[in-house]
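This is final23.txt (compact mmCIF, C-alpha atoms and all ligand atoms).
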# COMPACT_ATOMS: atom_id res chain seq x y z
CA MET A 1 -65.11 -92.60 -107.92
CA PRO A 2 -62.75 -95.59 -107.81
CA GLU A 3 -59.57 -93.98 -109.17
CA GLY A 4 -55.92 -94.73 -108.43
CA ASP A 5 -56.02 -93.11 -104.99
CA THR A 6 -59.16 -95.03 -103.95
CA ILE A 7 -57.70 -98.37 -105.02
CA ARG A 8 -54.39 -97.68 -103.25
CA ARG A 9 -56.25 -96.93 -100.00
CA LEU A 10 -58.35 -100.07 -100.44
CA ALA A 11 -55.27 -102.24 -101.04
CA ASN A 12 -53.63 -100.78 -97.94
CA ARG A 13 -56.75 -101.51 -95.87
CA ILE A 14 -56.89 -105.14 -97.04
CA GLN A 15 -53.16 -105.51 -96.42
CA ARG A 16 -53.36 -104.13 -92.87
CA ARG A 17 -56.40 -106.17 -91.94
CA PHE A 18 -55.77 -109.55 -93.55
CA ALA A 19 -52.13 -110.03 -94.64
CA GLY A 20 -50.87 -113.33 -93.23
CA GLN A 21 -54.36 -114.70 -92.50
CA ARG A 22 -55.72 -118.00 -93.80
CA VAL A 23 -58.92 -118.14 -95.86
CA GLU A 24 -61.32 -120.36 -93.92
CA ARG A 25 -64.20 -120.35 -96.40
CA CYS A 26 -64.72 -118.97 -99.90
CA VAL A 27 -67.98 -118.35 -101.76
CA THR A 28 -68.07 -116.98 -105.32
CA ARG A 29 -71.07 -115.82 -107.34
CA ASP A 30 -69.37 -114.71 -110.52
CA PRO A 31 -69.27 -116.75 -113.74
CA ARG A 32 -65.55 -115.99 -114.14
CA LEU A 33 -64.84 -117.52 -110.73
CA VAL A 34 -66.70 -120.80 -111.19
CA GLY A 35 -64.68 -123.56 -109.56
CA VAL A 36 -62.41 -121.15 -107.70
CA ASP A 37 -61.94 -122.02 -104.03
CA LEU A 38 -59.38 -120.08 -102.04
CA ALA A 39 -60.14 -121.88 -98.75
CA GLY A 40 -56.96 -123.13 -97.10
CA SER A 41 -54.67 -120.61 -98.77
CA THR A 42 -53.12 -117.67 -96.95
CA LEU A 43 -53.61 -114.09 -98.09
CA LEU A 44 -50.09 -112.73 -98.58
CA GLY A 45 -51.05 -109.14 -99.25
CA ALA A 46 -52.85 -106.66 -101.48
CA ASP A 47 -51.43 -104.19 -103.95
CA ALA A 48 -52.72 -101.59 -106.38
CA PHE A 49 -51.47 -100.63 -109.80
CA GLY A 50 -53.40 -97.73 -111.28
CA LYS A 51 -57.03 -98.72 -110.88
CA HIS A 52 -56.25 -102.46 -110.67
CA LEU A 53 -56.42 -104.30 -107.34
CA MET A 54 -54.29 -107.42 -106.86
CA ILE A 55 -54.85 -109.72 -103.85
CA ARG A 56 -52.12 -112.34 -103.62
CA PHE A 57 -52.23 -115.80 -102.00
CA ASP A 58 -49.49 -118.18 -100.91
CA ASP A 59 -50.44 -120.84 -103.48
CA GLY A 60 -49.12 -118.63 -106.30
CA ARG A 61 -52.49 -117.21 -107.29
CA THR A 62 -53.69 -113.60 -107.53
CA LEU A 63 -57.28 -112.38 -107.39
CA HIS A 64 -57.53 -109.44 -109.79
CA ALA A 65 -60.32 -106.85 -109.56
CA HIS A 66 -61.19 -103.66 -111.42
CA LEU A 67 -64.08 -101.67 -109.95
CA LEU A 68 -64.92 -99.48 -113.00
CA MET A 69 -67.72 -97.17 -111.79
CA THR A 70 -69.75 -99.60 -109.67
CA GLY A 71 -67.66 -101.99 -107.60
CA SER A 72 -66.65 -101.79 -103.96
CA TRP A 73 -65.25 -103.96 -101.20
CA THR A 74 -66.26 -104.46 -97.59
CA VAL A 75 -63.19 -105.06 -95.44
CA GLY A 76 -63.75 -106.57 -92.00
CA PRO A 77 -67.45 -106.83 -91.14
CA ALA A 78 -69.87 -109.11 -93.02
CA ALA A 79 -71.57 -107.33 -95.92
CA THR A 80 -75.33 -106.88 -95.58
CA GLU A 81 -76.10 -106.47 -99.30
CA PRO A 82 -78.17 -109.18 -101.06
CA ALA A 83 -76.24 -112.34 -101.92
CA TRP A 84 -76.32 -111.80 -105.69
CA ARG A 85 -74.34 -108.55 -105.22
CA ARG A 86 -71.68 -110.29 -103.16
CA ARG A 87 -69.56 -111.60 -106.06
CA ILE A 88 -66.88 -113.05 -103.82
CA GLU A 89 -66.81 -113.56 -100.05
CA LEU A 90 -63.80 -114.69 -98.10
CA TRP A 91 -64.13 -115.74 -94.46
CA MET A 92 -60.76 -114.81 -93.02
CA GLN A 93 -59.46 -115.76 -89.58
CA ASP A 94 -60.40 -112.32 -88.32
CA GLY A 95 -63.29 -110.94 -90.35
CA ARG A 96 -64.79 -111.02 -93.81
CA LEU A 97 -63.63 -109.70 -97.17
CA THR A 98 -66.44 -109.16 -99.70
CA GLY A 99 -66.36 -107.88 -103.29
CA LEU A 100 -69.64 -106.08 -104.09
CA ASP A 101 -70.85 -105.56 -107.67
CA VAL A 102 -67.25 -105.86 -108.86
CA PRO A 103 -67.59 -105.84 -112.67
CA ILE A 104 -64.15 -107.26 -113.48
CA LEU A 105 -62.90 -110.17 -111.38
CA GLY A 106 -60.54 -112.97 -112.23
CA MET A 107 -57.91 -115.37 -110.96
CA LEU A 108 -54.49 -115.62 -112.48
CA ARG A 109 -51.05 -116.86 -111.57
CA THR A 110 -49.15 -114.21 -109.61
CA ALA A 111 -46.27 -114.73 -112.04
CA ASP A 112 -48.61 -113.65 -114.88
CA GLU A 113 -49.76 -110.31 -113.42
CA ALA A 114 -47.91 -108.46 -116.18
CA SER A 115 -50.50 -109.79 -118.63
CA ILE A 116 -53.00 -107.47 -116.90
CA ILE A 117 -50.92 -104.46 -115.93
CA GLY A 118 -47.88 -104.70 -118.21
CA HIS A 119 -49.29 -102.26 -120.78
CA LEU A 120 -50.04 -99.53 -118.24
CA GLY A 121 -48.09 -96.31 -117.85
CA PRO A 122 -46.33 -95.32 -114.61
CA ASP A 123 -48.41 -95.79 -111.46
CA LEU A 124 -49.21 -92.45 -109.83
CA CYS A 125 -49.92 -93.89 -106.38
CA GLY A 126 -47.07 -96.40 -106.11
CA VAL A 127 -44.28 -96.37 -103.55
CA GLU A 128 -41.91 -94.51 -105.87
CA GLN A 129 -42.39 -90.87 -106.82
CA PRO A 130 -43.67 -90.86 -110.41
CA ASP A 131 -41.32 -89.60 -113.13
CA VAL A 132 -42.96 -86.35 -114.26
CA ASP A 133 -40.91 -85.98 -117.46
CA ASP A 134 -41.65 -89.57 -118.55
CA ILE A 135 -45.39 -89.13 -117.91
CA THR A 136 -45.43 -85.78 -119.73
CA ALA A 137 -43.78 -87.34 -122.79
CA ARG A 138 -46.28 -90.22 -122.76
CA LEU A 139 -49.25 -87.83 -122.54
CA GLN A 140 -47.97 -86.01 -125.65
CA ARG A 141 -47.63 -89.13 -127.81
CA ASP A 142 -50.84 -88.15 -129.61
CA PRO A 143 -50.41 -84.35 -129.61
CA THR A 144 -53.68 -83.58 -131.41
CA GLY A 145 -55.79 -85.56 -128.91
CA PRO A 146 -57.65 -83.68 -126.15
CA LEU A 147 -55.99 -83.19 -122.75
CA ALA A 148 -58.68 -85.09 -120.82
CA GLY A 149 -58.46 -88.08 -123.15
CA ALA A 150 -54.68 -88.24 -122.67
CA LEU A 151 -55.03 -88.07 -118.87
CA LEU A 152 -57.60 -90.89 -118.90
CA ASP A 153 -55.58 -93.22 -121.16
CA GLN A 154 -54.06 -95.62 -118.63
CA ARG A 155 -51.31 -96.54 -121.12
CA ASN A 156 -49.94 -93.02 -120.60
CA VAL A 157 -50.26 -92.88 -116.83
CA ALA A 158 -52.10 -95.20 -114.45
CA GLY A 159 -54.41 -93.79 -111.81
CA PHE A 160 -56.24 -90.70 -113.06
CA GLY A 161 -59.98 -91.19 -113.63
CA ASN A 162 -62.66 -88.81 -114.77
CA LEU A 163 -62.76 -86.80 -111.55
CA TYR A 164 -59.12 -85.79 -112.01
CA ALA A 165 -59.57 -85.34 -115.79
CA VAL A 166 -62.11 -82.60 -114.94
CA GLU A 167 -60.60 -81.03 -111.82
CA LEU A 168 -56.90 -80.85 -112.82
CA PRO A 169 -57.51 -78.90 -116.07
CA PHE A 170 -59.75 -76.46 -114.15
CA ILE A 171 -57.12 -75.94 -111.44
CA VAL A 172 -54.51 -74.91 -114.04
CA GLY A 173 -56.94 -72.99 -116.30
CA VAL A 174 -56.68 -75.25 -119.37
CA SER A 175 -59.66 -76.75 -121.21
CA PRO A 176 -60.05 -80.53 -121.13
CA ASN A 177 -60.64 -80.14 -124.90
CA GLN A 178 -57.28 -78.38 -125.50
CA PRO A 179 -55.05 -80.52 -127.78
CA VAL A 180 -52.50 -81.99 -125.40
CA GLY A 181 -49.64 -81.03 -127.73
CA ALA A 182 -50.75 -77.38 -127.44
CA VAL A 183 -50.61 -77.26 -123.63
CA GLY A 184 -47.61 -75.18 -122.56
CA GLY A 185 -45.93 -76.31 -119.35
CA LEU A 186 -47.78 -79.64 -119.24
CA GLU A 187 -45.19 -81.00 -116.79
CA GLY A 188 -46.49 -78.52 -114.19
CA LEU A 189 -49.98 -80.04 -114.48
CA VAL A 190 -48.52 -83.55 -114.17
CA ALA A 191 -46.47 -82.66 -111.10
CA MET A 192 -49.41 -80.91 -109.43
CA GLY A 193 -51.83 -83.72 -110.31
CA ALA A 194 -49.45 -86.38 -109.01
CA ALA A 195 -49.09 -84.48 -105.74
CA VAL A 196 -52.87 -84.21 -105.31
CA ILE A 197 -53.72 -87.86 -106.10
CA ARG A 198 -50.81 -89.18 -103.98
CA THR A 199 -51.91 -87.02 -101.07
CA ASN A 200 -55.46 -88.28 -101.41
CA ALA A 201 -54.20 -91.87 -101.62
CA ASP A 202 -52.41 -91.36 -98.31
CA ARG A 203 -55.08 -89.55 -96.38
CA GLY A 204 -58.36 -89.81 -98.32
CA PRO A 205 -61.00 -88.70 -99.24
CA GLN A 206 -60.88 -87.53 -102.89
CA ASN A 207 -60.59 -83.85 -102.10
CA THR A 208 -59.41 -81.55 -104.92
CA THR A 209 -59.93 -78.16 -103.25
CA GLY A 210 -58.31 -78.11 -99.81
CA ARG A 211 -61.64 -76.97 -98.33
CA LYS A 212 -63.64 -79.27 -96.04
CA LEU A 213 -60.75 -81.72 -96.14
CA HIS A 214 -62.69 -84.61 -94.62
CA THR A 215 -65.08 -84.60 -97.63
CA ASP A 216 -64.95 -85.31 -101.39
CA ASP A 217 -65.03 -81.59 -102.17
CA HIS A 218 -64.46 -80.56 -105.82
CA TRP A 219 -64.31 -77.28 -107.77
CA ILE A 220 -66.50 -78.06 -110.78
CA TYR A 221 -67.07 -81.85 -110.90
CA PRO A 222 -69.91 -82.56 -111.69
CA LYS A 223 -71.42 -79.07 -111.75
CA ARG A 224 -72.13 -78.45 -115.44
CA GLY A 225 -74.62 -75.59 -115.88
CA ARG A 226 -73.79 -74.05 -112.52
CA PRO A 227 -71.73 -70.83 -112.12
CA CYS A 228 -67.94 -71.09 -112.17
CA PRO A 229 -66.72 -70.80 -108.56
CA LEU A 230 -64.02 -68.35 -109.68
CA CYS A 231 -65.54 -66.08 -112.34
CA GLY A 232 -69.28 -66.83 -112.27
CA ALA A 233 -69.54 -67.85 -115.96
CA ARG A 234 -71.89 -70.76 -116.65
CA LEU A 235 -69.96 -74.03 -116.67
CA ALA A 236 -70.04 -75.90 -119.99
CA GLY A 237 -69.73 -79.64 -120.47
CA TRP A 238 -70.17 -82.88 -122.35
CA ALA A 239 -72.82 -85.43 -121.46
CA ASP A 240 -71.84 -89.10 -121.26
CA GLY A 241 -70.78 -90.31 -124.68
CA GLU A 242 -70.65 -86.83 -126.29
CA SER A 243 -66.98 -86.17 -125.65
CA PRO A 244 -64.23 -87.66 -127.85
CA TRP A 245 -63.05 -89.52 -124.72
CA ARG A 246 -66.61 -90.82 -124.08
CA ARG A 247 -67.01 -89.53 -120.53
CA VAL A 248 -68.93 -86.64 -119.00
CA SER A 249 -66.90 -83.47 -118.64
CA THR A 250 -67.20 -79.94 -117.27
CA TRP A 251 -65.17 -76.78 -117.83
CA CYS A 252 -65.45 -73.02 -117.53
CA PRO A 253 -65.49 -71.39 -120.98
CA ALA A 254 -64.08 -68.15 -119.52
CA CYS A 255 -61.30 -69.58 -117.30
CA GLN A 256 -60.42 -72.47 -119.65
CA PRO A 257 -60.64 -71.24 -123.27
CA VAL A 258 -59.20 -73.39 -126.05
CA GLU A 259 -56.31 -71.46 -127.63
CA ALA A 260 -53.58 -72.08 -130.23
CA VAL A 261 -51.25 -72.71 -127.28
CA ARG A 262 -52.57 -72.52 -123.72
CA GLU A 263 -50.12 -72.28 -120.82
CA VAL A 264 -50.64 -74.18 -117.58
CA ASP A 265 -51.27 -71.47 -114.96
CA LEU A 266 -49.38 -72.54 -111.84
CA VAL A 267 -50.10 -69.24 -110.07
CA ARG A 268 -53.79 -70.11 -110.32
CA ALA A 269 -53.06 -73.69 -109.16
CA ARG A 270 -51.14 -72.49 -106.09
CA ARG A 271 -53.94 -70.07 -105.25
CA LEU A 272 -56.71 -72.68 -105.66
CA LEU A 273 -54.80 -75.33 -103.70
CA ALA A 274 -53.42 -72.96 -101.04
CA LEU A 275 -55.06 -75.00 -98.28
CA HIS A 276 -54.57 -78.48 -99.79
CA PRO A 277 -52.02 -80.75 -98.06
CA ALA A 278 -50.71 -81.69 -101.55
CA ARG A 279 -48.77 -78.40 -101.32
CA ARG A 280 -46.41 -80.24 -98.93
CA GLU A 281 -45.72 -83.10 -101.39
CA PRO A 282 -42.18 -83.00 -102.82
CA SER A 283 -43.53 -83.12 -106.38
CA PHE A 284 -45.80 -80.06 -106.01
CA PRO A 285 -44.44 -77.44 -108.44
CA THR A 286 -42.95 -74.42 -106.71
ZN ZN B 1 -64.43 -69.40 -114.64

Take the structure from the file and write it as structure tokens.
Amino acid sequence: MPEGDTIRRLANRIQRRFAGQRVERCVTRDPRLVGVDLAGSTLLGADAFGKHLMIRFDDGRTLHAHLLMTGSWTVGPAATEPAWRRRIELWMQDGRLTGLDVPILGMLRTADEASIIGHLGPDLCGVEQPDVDDITARLQRDPTGPLAGALLDQRNVAGFGNLYAVELPFIVGVSPNQPVGAVGGLEGLVAMGAAVIRTNADRGPQNTTGRKLHTDDHWIYPKRGRPCPLCGARLAGWADGESPWRRVSTWCPACQPVEAVREVDLVRARRLLALHPARREPSFPT
């Protein structure tokens, strides 16, 4: 899933491979890029903010992309997908940069980037350690809303997608349906979640268990109907569009009951993530 960690890794890859290189040829096949020709400009660098990718050029322009659920980029070799899927192709001095099926693409002035990302909450995968207290307060702005919906609202915090909105509540034993204002010790979940997504942004892949670290291994995503890996109860869930936050979800009704106030269980989190390298992140709650 393209979440904040995925986009940060992608931006770093583009930066390492192409920063400082001139665009030799540019082909676009997206109605929003009609008339755009980046040939002759130099790619200054790539950056990520939440799930937004920004590729900057020396003529004062930025190519903005959001991958939603479908988009991807090929960095280096020529893409082999059919032409209609290659929304933008840049022939760089040393290789090719291709946006595949990217649903949101646009050009803007670099000076105007705030018009796209200015409303977002703190970036989880940025250079600076995220401010856990600030993020916690933002998540609780609508205290009656469900925890998963608050985690997914990029105005609260930028970077978590649905994978983390399912896995993080499971790891701390709180239902994604629990009203966020009735989650005790929410800052512990934020600190743990920030440590996991930042670790995955650094090393990849999107591993939330600490097992099989070279794979996208998860506890319960997307395993609705299967037994809970901890207690064996049948995992419950929402189908797409059923949940108040309009995304699929999964939880264990035994490990994650909705209660008047439900405390974040950091003992459980430390046990479940005992082998995850996020335990070495400074923000991981002790
Ligand atoms: Zn369970």

Write out as a PDB file with C-alpha atoms, in the frame of the given file the residues lying within 12 Å of Glu113 of chain A, counting all atoms listed in the file and excluding same-chain residues fewer than 4 positions away.
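Produced file out.pdb, reproduced below:
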ATOM      1  CA  ASP A  47     -51.430-104.190-103.950  1.00  0.00           C
ATOM      2  CA  ALA A  48     -52.720-101.590-106.380  1.00  0.00           C
ATOM      3  CA  PHE A  49     -51.470-100.630-109.800  1.00  0.00           C
ATOM      4  CA  HIS A  52     -56.250-102.460-110.670  1.00  0.00           C
ATOM      5  CA  LEU A  53     -56.420-104.300-107.340  1.00  0.00           C
ATOM      6  CA  MET A  54     -54.290-107.420-106.860  1.00  0.00           C
ATOM      7  CA  ILE A  55     -54.850-109.720-103.850  1.00  0.00           C
ATOM      8  CA  ARG A  56     -52.120-112.340-103.620  1.00  0.00           C
ATOM      9  CA  GLY A  60     -49.120-118.630-106.300  1.00  0.00           C
ATOM     10  CA  ARG A  61     -52.490-117.210-107.290  1.00  0.00           C
ATOM     11  CA  THR A  62     -53.690-113.600-107.530  1.00  0.00           C
ATOM     12  CA  LEU A  63     -57.280-112.380-107.390  1.00  0.00           C
ATOM     13  CA  HIS A  64     -57.530-109.440-109.790  1.00  0.00           C
ATOM     14  CA  ALA A  65     -60.320-106.850-109.560  1.00  0.00           C
ATOM     15  CA  GLY A 106     -60.540-112.970-112.230  1.00  0.00           C
ATOM     16  CA  MET A 107     -57.910-115.370-110.960  1.00  0.00           C
ATOM     17  CA  LEU A 108     -54.490-115.620-112.480  1.00  0.00           C
ATOM     18  CA  ARG A 109     -51.050-116.860-111.570  1.00  0.00           C
ATOM     19  CA  ILE A 117     -50.920-104.460-115.930  1.00  0.00           C
ATOM     20  CA  GLY A 118     -47.880-104.700-118.210  1.00  0.00           C
ATOM     21  CA  HIS A 119     -49.290-102.260-120.780  1.00  0.00           C
ATOM     22  CA  LEU A 120     -50.040 -99.530-118.240  1.00  0.00           C
TER      23      LEU A 120
END

- Could you give me, as a PyMOL selection string, every polymer residue with an atom at most 6 Å away from an atom of ligand ZN 1 (chain B), counting only C-alpha atoms and all ligand atoms? chain A and resi 228+230-233+252+254-255

- Nearest to Met92 of chain A by atom-to-atom distance, counting all atoms listed in the file, from A:Thr42, A:Gln129, A:Thr74, A:Thr80: A:Thr42

- Near-Gln206 of chain A list (8 Å; all atoms listed in the file; drop same-chain fewer than 2 positions) as a list of chain:residue names: A:Asp5, A:Thr6, A:Ile197, A:Asn200, A:Gly204, A:Thr208, A:Thr215, A:Asp216, A:Asp217

Write the residues of the selection above to a file with C-alpha atoms, as an mmCIF file, in the coordinates of the input.
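Output saved as result-v8.cif:
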data_model
loop_
_atom_site.group_PDB
_atom_site.id
_atom_site.type_symbol
_atom_site.label_atom_id
_atom_site.label_comp_id
_atom_site.auth_asym_id
_atom_site.auth_seq_id
_atom_site.Cartn_x
_atom_site.Cartn_y
_atom_site.Cartn_z
ATOM 1 C CA ASP A 5 -56.020 -93.110 -104.990
ATOM 2 C CA THR A 6 -59.160 -95.030 -103.950
ATOM 3 C CA ILE A 197 -53.720 -87.860 -106.100
ATOM 4 C CA ASN A 200 -55.460 -88.280 -101.410
ATOM 5 C CA GLY A 204 -58.360 -89.810 -98.320
ATOM 6 C CA THR A 208 -59.410 -81.550 -104.920
ATOM 7 C CA THR A 215 -65.080 -84.600 -97.630
ATOM 8 C CA ASP A 216 -64.950 -85.310 -101.390
ATOM 9 C CA ASP A 217 -65.030 -81.590 -102.170
#

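You can rank A:Ile7, A:Ala39, A:Val258, A:Ile171 by their closest distance to Ala274 of chain A using only C-alpha atoms, and at the top of that list sits A:Ile171.
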